[in-house]
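The block underneath contains the structure these notes are about, expressed in structure tokens.
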Amino acid sequence: MIIRSEYLKQLSPYGGALLITMAISWLASGGVASLDARLTDTAWQWIAAESKVEQRVVIVDIDEASIARYGAWPWSRKQMAELSAQITEQGASLQIFDMVFAAKKQQDDLLVAQLKSESIVLSQILAIDADDNTQVGVLATGTKNVLCNGLYPQANAYIANNKQIGNAVSSVGHITPSVDKDGIVRKMPAYICRNGKAYPALALAALATAMAEPVNYVLEQTGGWLSPGNQLKHTQLPEIIIPVSDKGEILLPWWLSRNSLLSISAADMLEGNVPKKMLKGAWVLIGSTAFGVGDAVSTPQAAVVGGVEVHAQLLSALLDNKIPYQPQAVNTLLYICMAGITLIMWLVSRLKGRLLIYGAPVAGVVIALGVIIGSAVILKTQAILIPPALAVIYTLLTGIMVTVKGYSQNWSENQRLYLNLSSYLPEHAAKWIVKQNPNGSMSAHHEDAFVLYVDLRNFSNWCNQLPAEQTGAILHTFYTVVTEVVQQHGGQTEKYVGDAVMCVWRNQHDSVLQAAQALVSLIDQQFGEQSKQANLPPLAVGIGIEYGKILVGSLGPAQRREYTVIGKTVTTAMRLQEMTGDLALPILIGEQARNKWGETIALETQGEFLLIGAQQAMELFSPK
């Protein structure tokens, strides 16, 4: 039972931390998810900081300068046809319009002619949980899909291209990202359904079109701990693998910093200020970042960016076949991580004293940082996202719990040490000593007090003839009786000296004699004539009492100190006790004690005697 109790005590910090962590994950799941998202955002920022310029996917940006030169958005169809023609002249292999041409306008035929002549992908918007049932334009590139009944989200509104422009191209993709509760875009639905048809994301449509293939992706389920669970594969492009979550979403990648995205002003493109063939073979995203256009979102990289950057990041990752994902066994991996953390913190808990109290929280913080950095490294090198929040929370809680346990253990040990110290020393001495730092100098002070010195007579004869266990038991009883009587009468037992006890009264001076008389009576009851054994005299006590100055303190080197009470008053009390045997009196009182009491206590003189070591005679007294 003792072993089991100790085992449970050792496991209690980790069990407590685990229970609190699970309670937090259940009661504050939104907060945990938010923390995971923030930590992952920070990891993406760190990863993107080392990225190089992306030249395969280029943005042609209708920016503030373009609008200042060519007028407010939306531009005319002729203007857009000219912009597309300039991009074609630059040698781009694919044009992707991050915009919707919903309204019918004059010069639609000019834009249609340009769209038919090139490999071009258009956009459409499918709104999920929209406030109204807006239906503008004609949806395109939709295919019947059984997953519309479960996996993929449903749209209740849309804005698509007008029929003439939509029919000019073979590929259209949606540009509707998923927006988290904090307003940040971190995921993109692979498909969005409407009336039983599934419409692909813009990047998926662009990838298939660039490879001169139809937009035909198949969802596959995968096995293995580190697999994504679901993945999209194109029937004609088996080497391209696109991980998809159990909600049908693609986890957006942010491998590139914003500065790594190559962006060209639409004004420069229209005016021929772009070097010839700069866009040769590139995929060109045509979008707008101008203020007021309305195509702005929040991403892990910035609070406000153009939506075109989201698609540029996704297209770049598709080209590298490097879409991040959460593995199927993400929870198992977290538990393994937490088990490793438990082992490390258990090793830390083997530390003692202050090392444990200060080491455990530091270790918790360091390990938590290690978990965060480790998850970022795994994301960077393996494109695997393991949310670190729960492991971080568990680590910090474990550090706190181990610290509390260490502090409690240290407090218990100190308390036990103090209790042991106060059992070997007077309580007031123990309190004074624990406040001192060990040193090799004398630390003492003077006090005025009564000293009572009581000795157990004839005890040496008993020691010589009885077994050590029996004499030890007698001495133990003697110490106990003296200590209890002295404490009951307001004194303190200062020191055990063989078969004698030295006691001190600092306050209740009138009770000293009462304590002495009680001791004489009790010792006689326990060790008097009734305890007499053959050839052994009965035990009795002799008591000396004196008043005056005493020196109280600790002496000796720092590595071995001794608490003591010394002074003339102590010596006189000892000599008075020795005289009790010569005068056949149990109690003798010195002159200073008699003067201190005055007439309040009735005493009778025993005459003057020269005590051993004294230079002049002293009048001795005894109770009447």
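Chain lettering (A, B, ...) mirrors the order of the structure tokens, residue numbering begins at 1 for each chain separately, and ligand numbering begins at 1 in order of display.
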
Within 8 Å of stretch 97-109 of chain A, counting only C-alpha atoms, which residues qualify if same-chain residues fewer than 2 places away don't, as a list in words?
-> Ser76, Arg77, Lys78, Gln95, Leu111, Val112, Ala113, Ile120, Val121, Leu122, Ser123, Gln124, Ile125, Val136, Gly137, Ile159, Ala160, Asn161, Asn162, Gln164, Ile165, Ile175, Leu285, Ile286, Gly287 and Val308 of chain A

Please identify which residues in stretch 479-594 of chain A DSSP calls helix (DSSP H, G or I) from the backbone, and express them as a PyMOL selection string.
-> chain A and resi 479-488+509-527+529-531+568-583+591-594

Long-range neighbours of stretch 438-451 of chain A as JSON, numbers by chain, 6 Å cut-off, only C-alpha atoms, 2 positions minimum in chain | {"A": [503, 504, 505, 506, 545, 546, 547, 548, 549, 550, 551, 552, 553, 554, 555, 557, 558]}

Which neighbours of A:Lys233 fall inside 12 Å, counting only C-alpha atoms, when residues of the same chain fewer than 4 positions from it are skipped, and could you give them as a PyMOL selection string?
-> chain A and resi 190+204+207-208+215-222+237-244+318+321

Exercise: stretch 35-42 of chain A partners within 7 Å, only C-alpha atoms, chain neighbours under 5 positions left out, as a ChimeraX atom specification | /A:300,387-389

Just the selected residues (C-alpha atoms), exported as a PDB file, in the first residue's frame, please.
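The file below, selection.pdb, is the result:
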```pdb
ATOM      1  CA  PRO A 300      -1.547  34.269 -41.950  1.00  0.00           C
ATOM      2  CA  PRO A 387      -1.353  21.210 -34.241  1.00  0.00           C
ATOM      3  CA  PRO A 388       0.889  21.909 -31.221  1.00  0.00           C
ATOM      4  CA  ALA A 389      -1.567  23.685 -28.894  1.00  0.00           C
TER       5      ALA A 389
END
```

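For A:Arg69, the non-local neighbours within 12 Å, defined as residues at least 2 positions apart in the same chain or in other chains and counting only C-alpha atoms, are Ile62, Asp63, Glu64, Ala65, Ser66, Ile67, Gly71, Ala72, Trp73, Trp75, Ser265, Ala266, Ala267, Asp268, Leu270 and Glu271 of chain A.
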
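Atom CA of A:Ile378 lies 19.7 Å from atom CA of A:Ser316.
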
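Excluding A:Leu126 itself and same-chain residues fewer than 3 positions from it, the residues having an atom within 8 Å of it are A:Ala155, A:Asn156, A:Ala157, A:Tyr158, A:Ile159, A:His174, A:Ile175, A:Thr176, A:Ile192, counting only C-alpha atoms.
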
Taking only C-alpha atoms into account, which of A:Ala573, A:Ala49, A:Leu226, A:Leu261 comes nearest A:Ile386?
-> A:Leu226

Per DSSP on the backbone, filter stretch 451-607 of chain A down to the residues in strand (DSSP E) and report them as a ChimeraX atom specification.
-> /A:451-457,492-497,500-505,540-555,562-566,587-589,603-607

Selected residues written out with C-alpha atoms, as a PDB file, in the first residue's frame:
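And here is the file that came out, out-v7.pdb:
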```pdb
ATOM      1  CA  VAL A 451      17.292  28.908  35.438  1.00  0.00           C
ATOM      2  CA  LEU A 452      16.067  25.629  36.922  1.00  0.00           C
ATOM      3  CA  TYR A 453      18.562  22.767  36.911  1.00  0.00           C
ATOM      4  CA  VAL A 454      17.111  19.349  37.836  1.00  0.00           C
ATOM      5  CA  ASP A 455      19.177  16.179  38.270  1.00  0.00           C
ATOM      6  CA  LEU A 456      18.050  12.572  38.725  1.00  0.00           C
ATOM      7  CA  ARG A 457      19.890  11.305  41.843  1.00  0.00           C
ATOM      8  CA  GLN A 492      11.217  26.005  28.262  1.00  0.00           C
ATOM      9  CA  THR A 493      13.398  22.931  28.422  1.00  0.00           C
ATOM     10  CA  GLU A 494      16.729  24.179  27.088  1.00  0.00           C
ATOM     11  CA  LYS A 495      19.039  21.218  27.343  1.00  0.00           C
ATOM     12  CA  TYR A 496      19.318  17.597  28.385  1.00  0.00           C
ATOM     13  CA  VAL A 497      22.676  16.905  30.072  1.00  0.00           C
ATOM     14  CA  ALA A 500      19.995  16.304  34.264  1.00  0.00           C
ATOM     15  CA  VAL A 501      17.770  18.861  32.552  1.00  0.00           C
ATOM     16  CA  MET A 502      18.298  22.626  32.315  1.00  0.00           C
ATOM     17  CA  CYS A 503      15.148  24.760  32.046  1.00  0.00           C
ATOM     18  CA  VAL A 504      14.614  28.496  31.612  1.00  0.00           C
ATOM     19  CA  TRP A 505      11.747  30.865  32.484  1.00  0.00           C
ATOM     20  CA  ALA A 540      14.931  11.170  43.445  1.00  0.00           C
ATOM     21  CA  VAL A 541      15.603  14.651  42.106  1.00  0.00           C
ATOM     22  CA  GLY A 542      17.648  17.613  43.208  1.00  0.00           C
ATOM     23  CA  ILE A 543      16.721  21.027  41.865  1.00  0.00           C
ATOM     24  CA  GLY A 544      18.656  24.312  41.854  1.00  0.00           C
ATOM     25  CA  ILE A 545      17.018  27.632  40.966  1.00  0.00           C
ATOM     26  CA  GLU A 546      18.701  30.976  40.279  1.00  0.00           C
ATOM     27  CA  TYR A 547      17.889  34.226  38.499  1.00  0.00           C
ATOM     28  CA  GLY A 548      20.169  36.491  36.452  1.00  0.00           C
ATOM     29  CA  LYS A 549      21.756  37.058  33.073  1.00  0.00           C
ATOM     30  CA  ILE A 550      22.343  34.181  30.700  1.00  0.00           C
ATOM     31  CA  LEU A 551      24.097  34.051  27.316  1.00  0.00           C
ATOM     32  CA  VAL A 552      21.955  32.336  24.671  1.00  0.00           C
ATOM     33  CA  GLY A 553      23.232  31.491  21.182  1.00  0.00           C
ATOM     34  CA  SER A 554      25.043  29.145  18.841  1.00  0.00           C
ATOM     35  CA  LEU A 555      28.765  28.464  18.932  1.00  0.00           C
ATOM     36  CA  GLU A 562      25.970  23.969  19.034  1.00  0.00           C
ATOM     37  CA  TYR A 563      23.034  25.791  20.585  1.00  0.00           C
ATOM     38  CA  THR A 564      23.729  26.514  24.263  1.00  0.00           C
ATOM     39  CA  VAL A 565      22.764  28.553  27.316  1.00  0.00           C
ATOM     40  CA  ILE A 566      25.712  29.559  29.522  1.00  0.00           C
ATOM     41  CA  ILE A 587      15.102  22.267  46.162  1.00  0.00           C
ATOM     42  CA  LEU A 588      17.636  25.058  46.746  1.00  0.00           C
ATOM     43  CA  ILE A 589      17.215  28.677  45.621  1.00  0.00           C
ATOM     44  CA  LEU A 603      11.288  31.002  51.604  1.00  0.00           C
ATOM     45  CA  GLU A 604      13.519  30.114  54.532  1.00  0.00           C
ATOM     46  CA  THR A 605      17.259  30.552  54.685  1.00  0.00           C
ATOM     47  CA  GLN A 606      19.660  27.655  54.919  1.00  0.00           C
ATOM     48  CA  GLY A 607      22.650  29.856  55.768  1.00  0.00           C
TER      49      GLY A 607
END
```

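For the choices A:Tyr394, A:Trp283, A:Tyr479, A:Tyr358, the atom-to-atom distance to A:Cys337 is smallest for A:Tyr394 when using only C-alpha atoms.
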
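Comparing the minimum interatomic distances between A:Ser119 and each of A:Gly364, A:Gly281, A:Pro153, A:Gly272, counting only C-alpha atoms, we find that A:Gly281 sits nearest.
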
Please measure the separation of atom CA of A:Ser12 and atom CA of A:Ile357, giving the value in Å to one decimal.
-> 16.3 Å

Contacts of stretch 355-463 of chain A with stretch 253-260 of chain A up to 12 Å, shortest pair per row, only C-alpha atoms, as a tab-separated table:
```
residue	atom	partner	partner_atom	distance
A:Ala376	CA	A:Trp255	CA	12.0
A:Leu379	CA	A:Trp255	CA	10.1
A:Lys380	CA	A:Trp255	CA	8.3
A:Thr381	CA	A:Trp255	CA	11.1
A:Ala383	CA	A:Pro253	CA	8.9
A:Ile384	CA	A:Pro253	CA	11.0
A:Leu385	CA	A:Pro253	CA	10.7
```

Residues from last step as file, C-alpha atoms, as an mmCIF file, in the first residue's frame:
```cif
data_model
loop_
_atom_site.group_PDB
_atom_site.id
_atom_site.type_symbol
_atom_site.label_atom_id
_atom_site.label_comp_id
_atom_site.auth_asym_id
_atom_site.auth_seq_id
_atom_site.Cartn_x
_atom_site.Cartn_y
_atom_site.Cartn_z
ATOM 1 C CA ALA A 376 7.181 24.147 -37.552
ATOM 2 C CA LEU A 379 5.619 21.388 -41.494
ATOM 3 C CA LYS A 380 8.543 22.856 -43.396
ATOM 4 C CA THR A 381 10.302 19.593 -44.216
ATOM 5 C CA ALA A 383 4.393 19.419 -45.302
ATOM 6 C CA ILE A 384 2.678 17.703 -42.352
ATOM 7 C CA LEU A 385 0.746 19.931 -39.977
#
```

State, in Å with one decimal place, the distance from atom CA of A:Pro275 to atom CA of A:Ala205.
-> 28.8 Å
